$ cat final39.txt   # compact mmCIF, C-alpha atoms
# COMPACT_ATOMS: atom_id res chain seq x y z
CA MET A 1 117.94 79.35 -15.25
CA SER A 2 115.44 82.13 -14.57
CA THR A 3 111.76 81.58 -15.26
CA GLY A 4 110.70 83.18 -18.52
CA CYS A 5 107.47 84.12 -20.22
CA PRO A 6 105.22 81.29 -21.44
CA TYR A 7 106.14 79.90 -24.84
CA PRO A 8 104.70 79.44 -27.46
CA PHE A 9 103.48 83.02 -27.68
CA GLN A 10 99.82 83.71 -28.44
CA ARG A 11 98.61 85.51 -31.55
CA PRO A 12 96.47 88.59 -30.82
CA SER A 13 94.27 87.76 -33.82
CA ALA A 14 94.03 85.25 -36.64
CA LEU A 15 96.53 86.85 -39.04
CA GLU A 16 98.73 88.80 -36.66
CA GLN A 17 102.11 87.66 -35.45
CA PRO A 18 102.58 87.46 -31.66
CA SER A 19 103.18 90.96 -30.30
CA GLU A 20 106.31 89.71 -28.48
CA LEU A 21 108.10 89.41 -31.83
CA ARG A 22 108.27 93.19 -32.26
CA THR A 23 110.75 93.69 -29.44
CA LEU A 24 112.14 90.18 -29.07
CA ARG A 25 115.40 90.85 -30.90
CA GLU A 26 116.39 93.60 -28.46
CA ARG A 27 117.89 90.66 -26.53
CA PRO A 28 119.67 87.86 -28.37
CA VAL A 29 118.71 85.28 -25.73
CA VAL A 30 115.33 85.32 -23.96
CA PRO A 31 114.25 82.95 -21.13
CA VAL A 32 110.94 81.16 -21.76
CA THR A 33 108.87 78.46 -20.08
CA LEU A 34 107.65 75.55 -22.21
CA PRO A 35 104.26 73.77 -22.04
CA SER A 36 106.01 71.09 -19.97
CA GLY A 37 106.93 73.71 -17.37
CA ASP A 38 110.62 73.30 -18.23
CA PRO A 39 112.78 76.39 -18.88
CA ALA A 40 114.53 77.11 -22.17
CA LEU A 41 116.32 79.98 -23.89
CA LEU A 42 114.94 81.49 -27.08
CA ILE A 43 117.52 82.46 -29.73
CA THR A 44 115.98 85.52 -31.35
CA ARG A 45 118.27 86.81 -34.12
CA TYR A 46 118.72 85.54 -37.66
CA GLU A 47 122.51 85.19 -37.78
CA ASP A 48 122.64 83.69 -34.30
CA LEU A 49 120.03 81.12 -35.31
CA ARG A 50 122.07 80.08 -38.34
CA ALA A 51 125.22 79.81 -36.22
CA VAL A 52 123.52 77.77 -33.51
CA LEU A 53 122.01 75.33 -36.01
CA SER A 54 125.46 74.60 -37.46
CA ASP A 55 127.23 74.34 -34.07
CA GLU A 56 128.28 70.77 -33.21
CA ARG A 57 128.03 71.64 -29.51
CA VAL A 58 124.26 71.97 -29.93
CA SER A 59 122.38 68.68 -30.01
CA ARG A 60 118.93 67.59 -31.13
CA ASP A 61 119.05 64.69 -28.69
CA LEU A 62 116.35 65.54 -26.16
CA THR A 63 116.69 62.20 -24.40
CA ARG A 64 119.77 63.51 -22.57
CA PRO A 65 119.40 63.84 -18.78
CA GLY A 66 118.25 67.33 -17.89
CA ALA A 67 117.08 68.24 -21.38
CA ALA A 68 113.87 70.27 -21.47
CA ARG A 69 110.73 68.53 -22.65
CA MET A 70 108.30 70.06 -25.11
CA THR A 71 105.36 68.66 -23.17
CA LYS A 72 104.92 66.88 -19.84
CA ASP A 73 103.88 63.60 -21.41
CA ASN A 74 106.18 63.01 -24.36
CA VAL A 75 109.15 64.08 -26.39
CA MET A 76 108.02 64.31 -29.99
CA PHE A 77 110.24 63.15 -32.83
CA GLN A 78 112.62 61.46 -30.40
CA ASP A 79 113.56 57.82 -30.31
CA PRO A 80 116.29 56.40 -28.04
CA HIS A 81 117.35 54.09 -30.88
CA ILE A 82 117.88 56.95 -33.36
CA SER A 83 120.66 59.51 -33.05
CA PRO A 84 119.56 62.92 -34.36
CA ASP A 85 123.13 64.26 -34.43
CA PRO A 86 126.21 63.78 -36.64
CA PRO A 87 127.76 61.48 -37.66
CA GLU A 88 124.73 59.14 -37.60
CA HIS A 89 122.30 61.81 -38.78
CA THR A 90 124.70 62.89 -41.55
CA ARG A 91 124.92 59.32 -42.80
CA MET A 92 121.16 58.83 -42.76
CA ARG A 93 120.48 62.17 -44.42
CA ARG A 94 123.00 61.45 -47.18
CA LEU A 95 121.32 58.15 -47.97
CA ILE A 96 117.81 59.59 -47.84
CA THR A 97 118.84 62.48 -50.08
CA LYS A 98 120.07 59.97 -52.66
CA ALA A 99 116.51 58.68 -52.87
CA PHE A 100 114.78 62.05 -52.42
CA THR A 101 116.19 63.72 -55.55
CA PRO A 102 115.09 67.01 -57.17
CA LYS A 103 114.49 65.01 -60.36
CA ARG A 104 112.03 62.76 -58.54
CA VAL A 105 110.21 65.79 -57.10
CA GLU A 106 110.08 67.62 -60.43
CA GLY A 107 108.78 64.46 -62.03
CA LEU A 108 105.77 64.78 -59.75
CA ARG A 109 104.81 68.23 -61.09
CA PRO A 110 102.52 66.96 -63.89
CA ARG A 111 100.82 64.62 -61.45
CA THR A 112 100.47 67.46 -58.93
CA GLU A 113 98.84 69.64 -61.60
CA GLU A 114 96.51 66.78 -62.46
CA VAL A 115 95.49 66.19 -58.83
CA VAL A 116 94.96 69.91 -58.20
CA GLY A 117 92.74 70.06 -61.28
CA GLU A 118 90.68 67.07 -60.13
CA LEU A 119 90.24 68.48 -56.63
CA LEU A 120 89.22 71.92 -57.88
CA ASP A 121 86.78 70.36 -60.37
CA ALA A 122 85.13 68.54 -57.49
CA MET A 123 85.09 71.65 -55.33
CA GLU A 124 83.51 73.72 -58.11
CA ALA A 125 80.78 71.13 -58.62
CA GLY A 126 80.13 70.69 -54.91
CA PRO A 127 78.23 72.62 -52.25
CA ARG A 128 79.09 76.12 -51.10
CA PRO A 129 80.69 77.22 -48.93
CA ALA A 130 83.54 74.79 -49.47
CA ASP A 131 86.33 74.17 -46.99
CA LEU A 132 89.67 74.62 -48.76
CA ASN A 133 91.34 72.40 -46.17
CA GLU A 134 89.13 69.43 -47.04
CA ALA A 135 88.64 70.25 -50.71
CA LEU A 136 92.27 71.00 -51.59
CA ALA A 137 95.01 71.38 -48.97
CA PHE A 138 94.88 68.05 -47.13
CA PRO A 139 93.82 65.75 -49.98
CA LEU A 140 96.47 67.24 -52.29
CA THR A 141 99.39 66.98 -49.91
CA ILE A 142 98.53 63.56 -48.51
CA ARG A 143 97.96 62.11 -52.00
CA MET A 144 101.24 63.50 -53.34
CA THR A 145 103.21 62.45 -50.25
CA CYS A 146 101.75 58.97 -50.36
CA GLU A 147 102.39 58.66 -54.11
CA LEU A 148 105.97 59.82 -53.61
CA LEU A 149 106.50 57.32 -50.80
CA GLY A 150 104.48 54.53 -52.40
CA VAL A 151 101.64 54.29 -49.89
CA PRO A 152 98.55 52.53 -51.36
CA VAL A 153 95.69 54.94 -52.04
CA GLU A 154 93.25 52.93 -49.92
CA ASP A 155 95.43 53.52 -46.82
CA GLN A 156 95.83 57.28 -47.16
CA ASP A 157 92.90 58.36 -44.97
CA ARG A 158 94.28 56.41 -42.02
CA PHE A 159 97.36 58.61 -41.73
CA ARG A 160 95.56 61.79 -40.81
CA GLY A 161 94.38 60.42 -37.47
CA TRP A 162 97.79 58.99 -36.65
CA THR A 163 99.52 62.24 -37.57
CA ASP A 164 97.10 64.43 -35.60
CA ALA A 165 97.97 62.46 -32.47
CA PHE A 166 101.69 62.33 -33.23
CA LEU A 167 101.91 66.14 -33.56
CA SER A 168 99.87 66.86 -30.44
CA VAL A 169 101.17 69.20 -27.77
CA SER A 170 98.10 69.02 -25.54
CA ARG A 171 95.15 67.78 -27.66
CA PHE A 172 95.81 64.08 -26.99
CA THR A 173 96.93 62.12 -23.94
CA ALA A 174 100.28 60.37 -23.75
CA GLU A 175 98.46 57.03 -24.13
CA GLU A 176 96.70 58.19 -27.29
CA VAL A 177 99.93 59.53 -28.76
CA GLY A 178 101.75 56.29 -27.93
CA ARG A 179 99.01 54.16 -29.47
CA ALA A 180 98.98 56.22 -32.69
CA ARG A 181 102.77 56.04 -32.92
CA GLY A 182 102.74 52.26 -32.43
CA GLU A 183 100.06 51.75 -35.09
CA LEU A 184 101.92 53.96 -37.55
CA ILE A 185 105.27 52.23 -36.98
CA ALA A 186 103.66 48.80 -37.41
CA TYR A 187 102.06 49.93 -40.66
CA ILE A 188 105.36 51.32 -41.98
CA GLN A 189 107.14 48.05 -41.13
CA ARG A 190 104.58 46.11 -43.16
CA LEU A 191 104.85 48.59 -46.02
CA VAL A 192 108.66 48.35 -46.11
CA ALA A 193 108.43 44.56 -46.24
CA ALA A 194 105.94 44.80 -49.11
CA LYS A 195 108.22 47.19 -51.03
CA ARG A 196 111.17 44.87 -50.57
CA ALA A 197 109.14 41.99 -51.99
CA GLU A 198 107.67 44.04 -54.85
CA PRO A 199 109.55 47.34 -55.35
CA GLY A 200 107.95 50.19 -57.26
CA ASP A 201 108.94 53.60 -58.59
CA ASP A 202 108.57 55.32 -55.23
CA LEU A 203 110.66 56.77 -52.43
CA ILE A 204 110.33 53.93 -49.92
CA SER A 205 111.33 51.40 -52.60
CA ALA A 206 114.32 53.60 -53.44
CA MET A 207 115.27 53.84 -49.76
CA VAL A 208 114.95 50.06 -49.40
CA ALA A 209 117.30 49.67 -52.37
CA VAL A 210 119.77 52.13 -50.84
CA ARG A 211 119.60 50.29 -47.53
CA ASP A 212 120.07 46.87 -49.14
CA GLU A 213 122.78 47.88 -51.62
CA ASP A 214 124.93 50.17 -49.45
CA ALA A 215 126.91 48.43 -46.72
CA SER A 216 126.97 51.69 -44.71
CA GLY A 217 123.26 52.23 -45.27
CA LEU A 218 120.25 52.51 -43.05
CA SER A 219 119.41 49.80 -40.59
CA GLU A 220 115.95 48.30 -40.90
CA TYR A 221 114.81 50.23 -37.83
CA GLU A 222 116.22 53.51 -39.20
CA LEU A 223 114.57 52.88 -42.54
CA CYS A 224 111.15 52.51 -40.92
CA TYR A 225 111.70 55.48 -38.61
CA TRP A 226 112.69 57.83 -41.43
CA SER A 227 109.88 56.60 -43.65
CA MET A 228 107.47 57.47 -40.84
CA LEU A 229 108.92 60.96 -40.37
CA LEU A 230 108.88 61.67 -44.11
CA LEU A 231 105.25 60.65 -44.26
CA ILE A 232 104.28 62.89 -41.33
CA ALA A 233 106.35 65.90 -42.32
CA GLY A 234 105.56 65.51 -45.99
CA TYR A 235 101.92 66.38 -45.83
CA GLU A 236 100.81 67.93 -42.53
CA THR A 237 103.03 71.01 -42.66
CA THR A 238 102.44 71.71 -46.36
CA ALA A 239 98.68 71.30 -46.00
CA GLY A 240 98.65 73.69 -43.06
CA GLN A 241 100.81 76.18 -44.94
CA LEU A 242 98.58 76.06 -48.03
CA GLY A 243 95.35 76.62 -46.10
CA SER A 244 96.86 79.38 -43.95
CA SER A 245 98.43 81.07 -46.97
CA LEU A 246 95.09 81.16 -48.77
CA VAL A 247 93.44 82.72 -45.70
CA MET A 248 96.05 85.48 -45.74
CA LEU A 249 95.73 86.06 -49.47
CA LEU A 250 91.94 86.12 -49.40
CA SER A 251 92.14 88.67 -46.60
CA ARG A 252 94.27 90.97 -48.79
CA PRO A 253 92.22 91.74 -51.92
CA ASP A 254 94.80 94.09 -53.45
CA ASP A 255 97.56 91.47 -53.28
CA LEU A 256 95.18 88.81 -54.57
CA ALA A 257 94.17 90.97 -57.53
CA ARG A 258 97.81 91.64 -58.38
CA LEU A 259 98.62 87.94 -58.20
CA ARG A 260 95.79 87.22 -60.64
CA ALA A 261 97.06 89.92 -62.99
CA GLU A 262 100.71 88.86 -62.65
CA PRO A 263 100.82 85.07 -62.11
CA GLU A 264 104.61 85.19 -62.49
CA LEU A 265 104.60 86.54 -58.91
CA VAL A 266 103.31 83.24 -57.50
CA PRO A 267 106.82 81.95 -56.58
CA SER A 268 107.76 85.12 -54.67
CA ALA A 269 104.31 85.20 -53.04
CA VAL A 270 104.81 81.62 -51.85
CA GLU A 271 108.17 82.55 -50.31
CA GLU A 272 106.68 85.58 -48.54
CA LEU A 273 103.83 83.49 -47.20
CA LEU A 274 106.36 80.92 -45.98
CA ARG A 275 108.26 83.72 -44.22
CA LEU A 276 105.26 85.18 -42.40
CA GLN A 277 102.85 82.23 -42.04
CA VAL A 278 104.99 79.99 -39.87
CA MET A 279 102.26 77.79 -38.37
CA GLY A 280 102.57 77.68 -34.63
CA SER A 281 105.92 78.25 -33.00
CA SER A 282 109.45 76.91 -33.13
CA LEU A 283 108.80 74.48 -30.29
CA SER A 284 109.93 71.56 -32.45
CA MET A 285 113.34 73.29 -32.86
CA LEU A 286 114.19 72.56 -29.20
CA ARG A 287 117.89 71.77 -28.74
CA TYR A 288 120.30 70.76 -25.93
CA VAL A 289 123.63 72.53 -25.36
CA LYS A 290 126.42 69.99 -24.75
CA GLU A 291 129.18 72.52 -24.02
CA ASP A 292 129.27 76.20 -23.12
CA ILE A 293 128.50 78.41 -26.11
CA GLU A 294 128.26 82.15 -26.65
CA VAL A 295 125.29 83.64 -28.53
CA GLY A 296 125.18 87.37 -29.22
CA GLY A 297 127.63 88.01 -26.40
CA VAL A 298 125.61 85.91 -23.94
CA LEU A 299 127.18 82.82 -22.37
CA ILE A 300 124.87 79.81 -22.49
CA PRO A 301 126.16 77.10 -20.15
CA ALA A 302 126.32 73.42 -20.96
CA GLY A 303 123.13 71.60 -20.02
CA SER A 304 120.87 74.43 -21.15
CA SER A 305 117.99 73.92 -23.55
CA ILE A 306 117.54 76.43 -26.36
CA ILE A 307 115.01 77.12 -29.11
CA PRO A 308 116.25 78.78 -32.32
CA SER A 309 113.19 80.95 -33.05
CA ILE A 310 112.32 80.76 -36.73
CA GLU A 311 109.37 83.12 -36.36
CA SER A 312 111.68 85.76 -34.83
CA ALA A 313 114.51 85.25 -37.32
CA ASN A 314 112.05 85.64 -40.20
CA VAL A 315 111.24 89.20 -39.12
CA ASP A 316 114.78 90.23 -38.19
CA GLU A 317 115.17 93.87 -39.21
CA SER A 318 118.85 93.39 -40.03
CA VAL A 319 117.98 90.88 -42.78
CA PHE A 320 114.49 91.77 -44.04
CA PRO A 321 113.69 95.40 -44.90
CA ASP A 322 110.37 96.45 -43.36
CA PRO A 323 109.97 92.89 -42.04
CA GLU A 324 106.37 93.13 -40.80
CA THR A 325 105.11 94.18 -44.22
CA PHE A 326 103.65 91.42 -46.39
CA ASP A 327 105.19 91.94 -49.85
CA ILE A 328 104.52 89.41 -52.60
CA THR A 329 107.27 91.01 -54.72
CA ARG A 330 109.96 90.62 -52.04
CA GLN A 331 113.25 89.42 -53.52
CA ASP A 332 116.24 87.71 -51.89
CA ASN A 333 113.83 86.23 -49.36
CA ARG A 334 116.24 84.26 -47.20
CA HIS A 335 113.69 83.02 -44.68
CA VAL A 336 114.56 80.04 -42.51
CA THR A 337 111.13 78.42 -42.41
CA PHE A 338 112.68 75.19 -43.75
CA SER A 339 115.49 75.48 -41.17
CA THR A 340 119.10 75.62 -42.33
CA GLY A 341 122.34 73.67 -42.41
CA LEU A 342 122.42 69.95 -41.61
CA HIS A 343 118.75 69.94 -40.67
CA TYR A 344 117.40 71.80 -43.69
CA CYS A 345 114.06 70.25 -44.60
CA ALA A 346 114.57 67.37 -47.05
CA GLY A 347 111.05 67.93 -48.40
CA ALA A 348 111.43 71.66 -49.10
CA ALA A 349 111.48 71.24 -52.87
CA LEU A 350 108.30 69.14 -52.81
CA ALA A 351 106.52 71.62 -50.53
CA ARG A 352 107.46 74.59 -52.72
CA MET A 353 106.32 72.82 -55.88
CA GLU A 354 102.95 71.84 -54.38
CA LEU A 355 102.34 75.32 -52.96
CA ARG A 356 103.14 77.02 -56.26
CA VAL A 357 101.00 74.70 -58.34
CA ALA A 358 98.01 74.81 -55.98
CA MET A 359 98.10 78.53 -55.33
CA GLY A 360 98.61 79.45 -58.98
CA GLU A 361 95.74 77.26 -60.14
CA ILE A 362 93.20 78.32 -57.53
CA VAL A 363 93.95 82.01 -58.15
CA ARG A 364 93.53 81.46 -61.90
CA ARG A 365 90.36 79.37 -61.77
CA PHE A 366 88.37 81.22 -59.11
CA PRO A 367 88.54 84.98 -59.73
CA ASP A 368 85.65 85.60 -57.31
CA LEU A 369 86.90 83.37 -54.51
CA ARG A 370 86.44 84.90 -51.03
CA LEU A 371 86.26 83.80 -47.41
CA ALA A 372 82.80 82.84 -46.20
CA LYS A 373 83.72 84.14 -42.71
CA PRO A 374 86.11 86.86 -41.56
CA ALA A 375 89.57 85.46 -40.86
CA GLU A 376 89.22 86.57 -37.22
CA GLU A 377 86.40 84.04 -36.77
CA LEU A 378 88.39 81.07 -38.06
CA PRO A 379 89.75 78.84 -35.27
CA ARG A 380 93.33 77.63 -35.28
CA ASN A 381 94.53 74.15 -34.37
CA GLU A 382 95.49 74.97 -30.80
CA GLY A 383 97.35 72.39 -28.76
CA ALA A 384 99.35 71.07 -31.72
CA LEU A 385 102.74 71.79 -33.25
CA ILE A 386 101.10 72.75 -36.56
CA GLN A 387 98.66 75.52 -35.66
CA ASN A 388 96.92 75.81 -39.01
CA PHE A 389 93.35 77.01 -39.48
CA LEU A 390 90.91 74.21 -38.72
CA GLU A 391 88.71 75.29 -41.61
CA VAL A 392 88.99 77.66 -44.55
CA PRO A 393 85.39 78.21 -45.73
CA VAL A 394 85.11 79.94 -49.11
CA VAL A 395 82.43 80.96 -51.62
CA TRP A 396 82.70 82.21 -55.20
$ encode --input "final39.txt" --output "structure tokens"
Amino acid sequence: MSTGCPYPFQRPSALEQPSELRTLRERPVVPVTLPSGDPALLITRYEDLRAVLSDERVSRDLTRPGAARMTKDNVMFQDPHISPDPPEHTRMRRLITKAFTPKRVEGLRPRTEEVVGELLDAMEAGPRPADLNEALAFPLTIRMTCELLGVPVEDQDRFRGWTDAFLSVSRFTAEEVGRARGELIAYIQRLVAAKRAEPGDDLISAMVAVRDEDASGLSEYELCYWSMLLLIAGYETTAGQLGSSLVMLLSRPDDLARLRAEPELVPSAVEELLRLQVMGSSLSMLRYVKEDIEVGGVLIPAGSSIIPSIESANVDESVFPDPETFDITRQDNRHVTFSTGLHYCAGAALARMELRVAMGEIVRRFPDLRLAKPAEELPRNEGALIQNFLEVPVVW
């Protein structure tokens, strides 16, 4: 496989998409080189991405011999005891979905509104400038994820350190990542045991019940593994998306003013921000090709590693009219930020609900809210899968 350009691509400025995205879809398959030094092929077009993600010849199992590594030191979200492909993945997802119901998520809306109100009350009464990451984005999403899963409130602060290490591309050493992973797994095992002894009205208790009542259910190891992934994915990505979305909105006063005047546009604004504010790259979408496949007329041989590029698919001109334009009124917004097919994000409904509640309330309550620094001066979380803004300082 020929050596390609370094991937992930770099942003030219805080709110700009990588310049490579403008011409990327001229070729359906583009060679890239990963942080590990391993080669991979980037799938650039929307329809090809959807086809690849539903192709049984394409595997998420990166433990296969010859599969590209994301980084030199570790393969994130991989465990030799867990199969990420059908039929095992299908079975696990079906059982998790039984516990992770839309009704359960919608039942959290009043509590989400309450928590957002409490956090914004505290921010309003506190010092200025305030950091929206610390005042709203991270405490909201970790509290709601932990309440959904049934994690005791006194343990919630511990997860941020574990998750930061777990999602590292280059910020932490392999030893630090391994230690954080071990501590998190041990904690989850203790939590599962506690929920089995004294179940509550929470997701882990529901998953324990599914595992114990269904003969084809999760093994104990799978139960702990999926609980860990739900905890990590449930708050870090949504917190990063919320903070980054608010930076973009606060940098666009006309759109912000319209959103205040027409709060019914909050749902479509959230979808447009999801489309264009993909934090970081699609590195975590890395896949292994088990058999020869054809993508956009290009033969990809068995043994290749590919990355379905969400950030490219989300600006595909054949799907999104005027794709580089940020439009809070955009309809039929079929972005693939939550992936698609068998691996569609199980927490998408929760993320959407939290983003809509938080964004709607902060726009309503703080009509004079503005960034305390230009967006170009705000550092991103480099060296991690989730490249959110490290701080979002605001005044009002």
$ residues_near_point --input "final39.txt" --point "(109.7, 81.0, -26.3)" --cutoff "6 Å" --atoms "all atoms listed in the file" --output "list of chain:residue names"
A:Tyr7, A:Pro8, A:Val32, A:Leu42
$ atom_distance --input "final39.txt" --atom1 "CA of Pro65 in chain A" --atom2 "CA of Ala40 in chain A"
14.5 Å
$ residues_around --input "final39.txt" --residues "range 144-148 of chain A" --least-positions-apart "5" --cutoff "7 Å" --atoms "only C-alpha atoms" --output "list in words"
Thr112, Gln156, Asp202, Leu203, Leu231, Gly234 and Tyr235 of chain A
$ residues_near_point --input "final39.txt" --point "(119.5, 83.9, -27.4)" --cutoff "9 Å" --atoms "all atoms listed in the file" --output "PDB file with C-alpha atoms, keeping the file's coordinate frame"
ATOM      1  CA  ARG A  25     115.400  90.850 -30.900  1.00  0.00           C
ATOM      2  CA  ARG A  27     117.890  90.660 -26.530  1.00  0.00           C
ATOM      3  CA  PRO A  28     119.670  87.860 -28.370  1.00  0.00           C
ATOM      4  CA  VAL A  29     118.710  85.280 -25.730  1.00  0.00           C
ATOM      5  CA  VAL A  30     115.330  85.320 -23.960  1.00  0.00           C
ATOM      6  CA  PRO A  31     114.250  82.950 -21.130  1.00  0.00           C
ATOM      7  CA  LEU A  41     116.320  79.980 -23.890  1.00  0.00           C
ATOM      8  CA  LEU A  42     114.940  81.490 -27.080  1.00  0.00           C
ATOM      9  CA  ILE A  43     117.520  82.460 -29.730  1.00  0.00           C
ATOM     10  CA  THR A  44     115.980  85.520 -31.350  1.00  0.00           C
ATOM     11  CA  ARG A  45     118.270  86.810 -34.120  1.00  0.00           C
ATOM     12  CA  ASP A  48     122.640  83.690 -34.300  1.00  0.00           C
ATOM     13  CA  LEU A  49     120.030  81.120 -35.310  1.00  0.00           C
ATOM     14  CA  GLU A 294     128.260  82.150 -26.650  1.00  0.00           C
ATOM     15  CA  VAL A 295     125.290  83.640 -28.530  1.00  0.00           C
ATOM     16  CA  GLY A 296     125.180  87.370 -29.220  1.00  0.00           C
ATOM     17  CA  VAL A 298     125.610  85.910 -23.940  1.00  0.00           C
ATOM     18  CA  ILE A 300     124.870  79.810 -22.490  1.00  0.00           C
ATOM     19  CA  ILE A 306     117.540  76.430 -26.360  1.00  0.00           C
ATOM     20  CA  ILE A 307     115.010  77.120 -29.110  1.00  0.00           C
ATOM     21  CA  PRO A 308     116.250  78.780 -32.320  1.00  0.00           C
ATOM     22  CA  SER A 309     113.190  80.950 -33.050  1.00  0.00           C
TER      23      SER A 309
END
$ atom_distance --input "final39.txt" --atom1 "CA of Pro87 in chain A" --atom2 "CA of Lys290 in chain A"
15.5 Å
$ atom_distance --input "final39.txt" --atom1 "CA of His343 in chain A" --atom2 "CA of Pro86 in chain A"
10.5 Å
$ residues_around --input "final39.txt" --residues "Leu256 in chain A" --least-positions-apart "5" --cutoff "8 Å" --atoms "only C-alpha atoms" --output "number ranges by chain"
A: 249-250, 363
$ residues_around --input "final39.txt" --residues "Arg190 in chain A" --least-positions-apart "2" --cutoff "12 Å" --atoms "all atoms listed in the file" --output "MDAnalysis selection string"
chainID A and resid 151 183:188 192:197 204 220 224 227:228
$ write_last_selection --input "final39.txt" --atoms "C-alpha atoms" --output "mmCIF file, in the coordinates of the input"
data_model
loop_
_atom_site.group_PDB
_atom_site.id
_atom_site.type_symbol
_atom_site.label_atom_id
_atom_site.label_comp_id
_atom_site.auth_asym_id
_atom_site.auth_seq_id
_atom_site.Cartn_x
_atom_site.Cartn_y
_atom_site.Cartn_z
ATOM 1 C CA VAL A 151 101.640 54.290 -49.890
ATOM 2 C CA GLU A 183 100.060 51.750 -35.090
ATOM 3 C CA LEU A 184 101.920 53.960 -37.550
ATOM 4 C CA ILE A 185 105.270 52.230 -36.980
ATOM 5 C CA ALA A 186 103.660 48.800 -37.410
ATOM 6 C CA TYR A 187 102.060 49.930 -40.660
ATOM 7 C CA ILE A 188 105.360 51.320 -41.980
ATOM 8 C CA VAL A 192 108.660 48.350 -46.110
ATOM 9 C CA ALA A 193 108.430 44.560 -46.240
ATOM 10 C CA ALA A 194 105.940 44.800 -49.110
ATOM 11 C CA LYS A 195 108.220 47.190 -51.030
ATOM 12 C CA ARG A 196 111.170 44.870 -50.570
ATOM 13 C CA ALA A 197 109.140 41.990 -51.990
ATOM 14 C CA ILE A 204 110.330 53.930 -49.920
ATOM 15 C CA GLU A 220 115.950 48.300 -40.900
ATOM 16 C CA CYS A 224 111.150 52.510 -40.920
ATOM 17 C CA SER A 227 109.880 56.600 -43.650
ATOM 18 C CA MET A 228 107.470 57.470 -40.840
#
$ closest_residue --input "final39.txt" --among "A:Ile310, A:Val315, A:Met207, A:Ala358" --to "Val266 in chain A" --atoms "all atoms listed in the file"
A:Ala358
$ build_atoms --input "final39.txt" --residues "range 240-244 of chain A" --atoms "all heavy atoms" --output "PDB file, keeping the file's coordinate frame"
ATOM      1  N   GLY A 240      98.906  72.556 -43.937  1.00  0.00           N
ATOM      2  CA  GLY A 240      98.650  73.690 -43.060  1.00  0.00           C
ATOM      3  C   GLY A 240      99.117  74.997 -43.655  1.00  0.00           C
ATOM      4  O   GLY A 240      98.448  76.030 -43.554  1.00  0.00           O
ATOM      5  N   GLN A 241     100.276  74.974 -44.309  1.00  0.00           N
ATOM      6  CA  GLN A 241     100.810  76.180 -44.940  1.00  0.00           C
ATOM      7  C   GLN A 241      99.918  76.628 -46.086  1.00  0.00           C
ATOM      8  O   GLN A 241      99.654  77.835 -46.245  1.00  0.00           O
ATOM      9  CB  GLN A 241     102.230  75.937 -45.444  1.00  0.00           C
ATOM     10  CG  GLN A 241     102.862  77.121 -46.160  1.00  0.00           C
ATOM     11  CD  GLN A 241     103.130  78.298 -45.246  1.00  0.00           C
ATOM     12  OE1 GLN A 241     103.428  78.111 -44.077  1.00  0.00           O
ATOM     13  NE2 GLN A 241     103.024  79.516 -45.769  1.00  0.00           N
ATOM     14  N   LEU A 242      99.425  75.692 -46.890  1.00  0.00           N
ATOM     15  CA  LEU A 242      98.580  76.060 -48.030  1.00  0.00           C
ATOM     16  C   LEU A 242      97.281  76.697 -47.555  1.00  0.00           C
ATOM     17  O   LEU A 242      96.878  77.758 -48.045  1.00  0.00           O
ATOM     18  CB  LEU A 242      98.297  74.828 -48.883  1.00  0.00           C
ATOM     19  CG  LEU A 242      97.382  75.042 -50.097  1.00  0.00           C
ATOM     20  CD1 LEU A 242      97.902  76.156 -50.995  1.00  0.00           C
ATOM     21  CD2 LEU A 242      97.233  73.741 -50.884  1.00  0.00           C
ATOM     22  N   GLY A 243      96.600  76.067 -46.602  1.00  0.00           N
ATOM     23  CA  GLY A 243      95.350  76.620 -46.100  1.00  0.00           C
ATOM     24  C   GLY A 243      95.555  77.988 -45.464  1.00  0.00           C
ATOM     25  O   GLY A 243      94.802  78.938 -45.719  1.00  0.00           O
ATOM     26  N   SER A 244      96.589  78.111 -44.627  1.00  0.00           N
ATOM     27  CA  SER A 244      96.860  79.380 -43.950  1.00  0.00           C
ATOM     28  C   SER A 244      97.256  80.470 -44.935  1.00  0.00           C
ATOM     29  O   SER A 244      96.867  81.636 -44.791  1.00  0.00           O
ATOM     30  CB  SER A 244      97.964  79.195 -42.905  1.00  0.00           C
ATOM     31  OG  SER A 244      97.589  78.242 -41.932  1.00  0.00           O
TER      32      SER A 244
END
